[in-house]
Amino acid sequence: MIHVYTGDGKGKTTAAVGLTIRAIGNGFRVLFVQFIKGAHTGEIEIFQKFPELIEIYRCSTGFVYKTPEESQMETVKECVKEIEKKLEKNTYDMVVFDELSVALSIGLLSREDVERLIQLSKKAELIITGRNAPDWLIERADLVTEMKKIKHYFDRGIKARKGIEY
């Protein structure tokens with residue numbers, strides 16, 4: 001099945017992390033890929049304690065302004081090649097593509113890249129997160145959850161907090 005967690009509300013990555021924990025609790029092998037993110041996060045700290053069950057792959061581009069820089073495009077191109085190699089081995093029960101929808105919406109990934117990654121993940125439960133999921137991806141998914149922001153303390157100037165947002 002393909003899950004998509006999208007929208008402007010908080011909780012997309014948190015949902016993927018929760019599914020990952022449930023999966024490893026049941027002995028599943030998980031590939032957890034983070035597009036864009038590269039800073040320290042609590043979930044990565046915990047995941048590293050289960051190397052036999054979770055493989056973490058971070059494709060950190062650094063902050064992307066409105067248009068990705070050429071170096072960021074090259075970074076993602078290399079990441080996609082590495083991810084494809086991992087998926088071709090077909091050893092995962094679950095694959096998480098965290099922030100894939102964002103990478104797609106800002107032009108770091110093409111629809112063709114994503115279609116290829118989905119095809120290579122077809123024997124695993126696939127979890128995709130990120131705001132701005134395109135209609136074609138929503139149509140393709142088996143489960144779609146939109147996180148809708150109603151109120152958020154960020155709007156009051158409160159910054160991301162360790163242990164809560166990262």
# chains A, B, ... in the order shown; residues from 1 in each chain; ligands from 1
>>> residues_around(residues="range 145-161 of chain A", least_positions_apart="3", cutoff="12 Å", atoms="only C-alpha atoms", output="PyMOL selection string")
chain A and resi 2-16+41-42+127-133+138+141-142+164-166
>>> select_by_dssp(residues="range 26-90 of chain A", states="alpha helix (DSSP H)", output="ChimeraX atom specification")
/A:42-47,70-88
>>> write_last_selection(atoms="N, CA and C atoms", output="PDB file, in the first residue's frame")
ATOM      1  N   GLY A  42      15.519  13.914  16.837  1.00  0.00           N
ATOM      2  CA  GLY A  42      15.374  12.853  17.825  1.00  0.00           C
ATOM      3  C   GLY A  42      15.049  11.509  17.215  1.00  0.00           C
ATOM      4  N   GLU A  43      14.256  11.500  16.142  1.00  0.00           N
ATOM      5  CA  GLU A  43      13.892  10.212  15.548  1.00  0.00           C
ATOM      6  C   GLU A  43      15.107   9.493  14.973  1.00  0.00           C
ATOM      7  N   ILE A  44      16.034  10.233  14.412  1.00  0.00           N
ATOM      8  CA  ILE A  44      17.239   9.608  13.872  1.00  0.00           C
ATOM      9  C   ILE A  44      18.059   9.005  15.005  1.00  0.00           C
ATOM     10  N   GLU A  45      18.143   9.697  16.134  1.00  0.00           N
ATOM     11  CA  GLU A  45      18.864   9.171  17.304  1.00  0.00           C
ATOM     12  C   GLU A  45      18.286   7.818  17.724  1.00  0.00           C
ATOM     13  N   ILE A  46      16.986   7.727  17.799  1.00  0.00           N
ATOM     14  CA  ILE A  46      16.335   6.466  18.202  1.00  0.00           C
ATOM     15  C   ILE A  46      16.533   5.401  17.128  1.00  0.00           C
ATOM     16  N   PHE A  47      16.334   5.772  15.857  1.00  0.00           N
ATOM     17  CA  PHE A  47      16.470   4.798  14.774  1.00  0.00           C
ATOM     18  C   PHE A  47      17.866   4.179  14.746  1.00  0.00           C
ATOM     19  N   GLU A  70      21.978  24.576  -8.378  1.00  0.00           N
ATOM     20  CA  GLU A  70      22.508  23.478  -9.185  1.00  0.00           C
ATOM     21  C   GLU A  70      23.144  22.398  -8.305  1.00  0.00           C
ATOM     22  N   SER A  71      23.863  22.814  -7.271  1.00  0.00           N
ATOM     23  CA  SER A  71      24.502  21.841  -6.381  1.00  0.00           C
ATOM     24  C   SER A  71      23.453  21.000  -5.639  1.00  0.00           C
ATOM     25  N   GLN A  72      22.339  21.602  -5.289  1.00  0.00           N
ATOM     26  CA  GLN A  72      21.264  20.867  -4.628  1.00  0.00           C
ATOM     27  C   GLN A  72      20.625  19.868  -5.587  1.00  0.00           C
ATOM     28  N   MET A  73      20.476  20.262  -6.827  1.00  0.00           N
ATOM     29  CA  MET A  73      19.926  19.362  -7.852  1.00  0.00           C
ATOM     30  C   MET A  73      20.852  18.156  -8.045  1.00  0.00           C
ATOM     31  N   GLU A  74      22.150  18.408  -8.082  1.00  0.00           N
ATOM     32  CA  GLU A  74      23.131  17.332  -8.239  1.00  0.00           C
ATOM     33  C   GLU A  74      23.116  16.388  -7.033  1.00  0.00           C
ATOM     34  N   THR A  75      22.997  16.957  -5.843  1.00  0.00           N
ATOM     35  CA  THR A  75      22.925  16.151  -4.623  1.00  0.00           C
ATOM     36  C   THR A  75      21.753  15.188  -4.693  1.00  0.00           C
ATOM     37  N   VAL A  76      20.601  15.696  -5.077  1.00  0.00           N
ATOM     38  CA  VAL A  76      19.402  14.846  -5.138  1.00  0.00           C
ATOM     39  C   VAL A  76      19.519  13.812  -6.244  1.00  0.00           C
ATOM     40  N   LYS A  77      20.108  14.177  -7.356  1.00  0.00           N
ATOM     41  CA  LYS A  77      20.293  13.222  -8.455  1.00  0.00           C
ATOM     42  C   LYS A  77      21.136  12.034  -7.983  1.00  0.00           C
ATOM     43  N   GLU A  78      22.208  12.315  -7.253  1.00  0.00           N
ATOM     44  CA  GLU A  78      23.059  11.249  -6.706  1.00  0.00           C
ATOM     45  C   GLU A  78      22.308  10.439  -5.651  1.00  0.00           C
ATOM     46  N   CYS A  79      21.530  11.115  -4.832  1.00  0.00           N
ATOM     47  CA  CYS A  79      20.734  10.416  -3.814  1.00  0.00           C
ATOM     48  C   CYS A  79      19.759   9.442  -4.450  1.00  0.00           C
ATOM     49  N   VAL A  80      19.089   9.882  -5.490  1.00  0.00           N
ATOM     50  CA  VAL A  80      18.113   9.013  -6.164  1.00  0.00           C
ATOM     51  C   VAL A  80      18.804   7.764  -6.699  1.00  0.00           C
ATOM     52  N   LYS A  81      19.987   7.909  -7.271  1.00  0.00           N
ATOM     53  CA  LYS A  81      20.737   6.735  -7.753  1.00  0.00           C
ATOM     54  C   LYS A  81      21.020   5.761  -6.613  1.00  0.00           C
ATOM     55  N   GLU A  82      21.439   6.293  -5.461  1.00  0.00           N
ATOM     56  CA  GLU A  82      21.738   5.441  -4.309  1.00  0.00           C
ATOM     57  C   GLU A  82      20.478   4.759  -3.768  1.00  0.00           C
ATOM     58  N   ILE A  83      19.400   5.502  -3.713  1.00  0.00           N
ATOM     59  CA  ILE A  83      18.129   4.934  -3.235  1.00  0.00           C
ATOM     60  C   ILE A  83      17.676   3.817  -4.171  1.00  0.00           C
ATOM     61  N   GLU A  84      17.785   4.054  -5.459  1.00  0.00           N
ATOM     62  CA  GLU A  84      17.401   3.019  -6.430  1.00  0.00           C
ATOM     63  C   GLU A  84      18.204   1.743  -6.214  1.00  0.00           C
ATOM     64  N   LYS A  85      19.507   1.866  -5.981  1.00  0.00           N
ATOM     65  CA  LYS A  85      20.345   0.682  -5.719  1.00  0.00           C
ATOM     66  C   LYS A  85      19.853  -0.069  -4.489  1.00  0.00           C
ATOM     67  N   LYS A  86      19.518   0.666  -3.449  1.00  0.00           N
ATOM     68  CA  LYS A  86      19.020   0.045  -2.220  1.00  0.00           C
ATOM     69  C   LYS A  86      17.702  -0.681  -2.478  1.00  0.00           C
ATOM     70  N   LEU A  87      16.803  -0.038  -3.208  1.00  0.00           N
ATOM     71  CA  LEU A  87      15.487  -0.629  -3.463  1.00  0.00           C
ATOM     72  C   LEU A  87      15.557  -1.841  -4.392  1.00  0.00           C
ATOM     73  N   GLU A  88      16.511  -1.851  -5.289  1.00  0.00           N
ATOM     74  CA  GLU A  88      16.658  -2.986  -6.205  1.00  0.00           C
ATOM     75  C   GLU A  88      16.985  -4.278  -5.463  1.00  0.00           C
TER      76      GLU A  88
END
>>> select_by_dssp(residues="range 34-109 of chain A", states="strand (DSSP E or B)", output="list in words")
Gln34, Phe35, Ile36, Ile54, Glu55, Ile56, Tyr57, Arg58, Cys59, Ser60, Met94, Val95, Val96, Phe97 and Asp98 of chain A
>>> write_last_selection(atoms="N, CA and C atoms", output="mmCIF file, in the first residue's frame")
data_model
loop_
_atom_site.group_PDB
_atom_site.id
_atom_site.type_symbol
_atom_site.label_atom_id
_atom_site.label_comp_id
_atom_site.auth_asym_id
_atom_site.auth_seq_id
_atom_site.Cartn_x
_atom_site.Cartn_y
_atom_site.Cartn_z
ATOM 1 N N GLN A 34 15.213 10.536 4.121
ATOM 2 C CA GLN A 34 14.800 11.918 4.342
ATOM 3 C C GLN A 34 15.363 12.787 3.227
ATOM 4 N N PHE A 35 14.444 13.346 2.433
ATOM 5 C CA PHE A 35 14.821 14.337 1.429
ATOM 6 C C PHE A 35 14.847 15.681 2.134
ATOM 7 N N ILE A 36 15.790 16.511 1.806
ATOM 8 C CA ILE A 36 15.942 17.875 2.298
ATOM 9 C C ILE A 36 16.502 17.933 3.719
ATOM 10 N N ILE A 54 16.487 -0.803 10.798
ATOM 11 C CA ILE A 54 16.250 0.470 10.096
ATOM 12 C C ILE A 54 17.529 0.921 9.410
ATOM 13 N N GLU A 55 17.411 1.184 8.125
ATOM 14 C CA GLU A 55 18.487 1.825 7.388
ATOM 15 C C GLU A 55 18.056 3.259 7.133
ATOM 16 N N ILE A 56 18.882 4.191 7.551
ATOM 17 C CA ILE A 56 18.588 5.616 7.404
ATOM 18 C C ILE A 56 19.411 6.152 6.239
ATOM 19 N N TYR A 57 18.746 6.895 5.373
ATOM 20 C CA TYR A 57 19.462 7.527 4.271
ATOM 21 C C TYR A 57 18.974 8.968 4.190
ATOM 22 N N ARG A 58 19.887 9.893 4.404
ATOM 23 C CA ARG A 58 19.534 11.307 4.385
ATOM 24 C C ARG A 58 20.115 11.967 3.145
ATOM 25 N N CYS A 59 19.258 12.608 2.417
ATOM 26 C CA CYS A 59 19.640 13.291 1.187
ATOM 27 C C CYS A 59 19.556 14.788 1.463
ATOM 28 N N SER A 60 20.446 15.267 2.278
ATOM 29 C CA SER A 60 20.369 16.647 2.746
ATOM 30 C C SER A 60 20.845 17.631 1.689
ATOM 31 N N MET A 94 9.123 -1.985 4.635
ATOM 32 C CA MET A 94 8.547 -0.641 4.606
ATOM 33 C C MET A 94 9.605 0.324 4.105
ATOM 34 N N VAL A 95 9.162 1.293 3.304
ATOM 35 C CA VAL A 95 10.032 2.354 2.818
ATOM 36 C C VAL A 95 9.342 3.671 3.140
ATOM 37 N N VAL A 96 10.093 4.575 3.761
ATOM 38 C CA VAL A 96 9.578 5.902 4.079
ATOM 39 C C VAL A 96 10.345 6.922 3.255
ATOM 40 N N PHE A 97 9.601 7.777 2.531
ATOM 41 C CA PHE A 97 10.187 8.895 1.799
ATOM 42 C C PHE A 97 9.700 10.174 2.469
ATOM 43 N N ASP A 98 10.441 10.613 3.475
ATOM 44 C CA ASP A 98 10.071 11.796 4.235
ATOM 45 C C ASP A 98 10.412 13.059 3.441
#
>>> atom_distance(atom1="CA of Phe63 in chain A", atom2="CA of Phe32 in chain A")
19.9 Å
>>> closest_residue(among="A:Arg140, A:His40, A:Arg29, A:Arg111", to="Asn90 in chain A", atoms="only C-alpha atoms")
A:Arg29
>>> closest_residue(among="A:Ser105, A:Thr91, A:Thr67, A:Thr20", to="Pro134 in chain A", atoms="only C-alpha atoms")
A:Ser105
>>> closest_residue(among="A:Leu104, A:Leu53, A:Val64, A:Leu19", to="Leu31 in chain A", atoms="only C-alpha atoms")
A:Leu53
>>> atom_distance(atom1="CA of Glu139 in chain A", atom2="CA of Lys89 in chain A")
27.3 Å
>>> closest_residue(among="A:Gly38, A:Asp93, A:Leu108, A:Val33", to="Glu69 in chain A", atoms="only C-alpha atoms")
A:Leu108
>>> closest_residue(among="A:Leu109, A:Leu143, A:Ile118, A:Ala124", to="Tyr92 in chain A", atoms="only C-alpha atoms")
A:Ala124
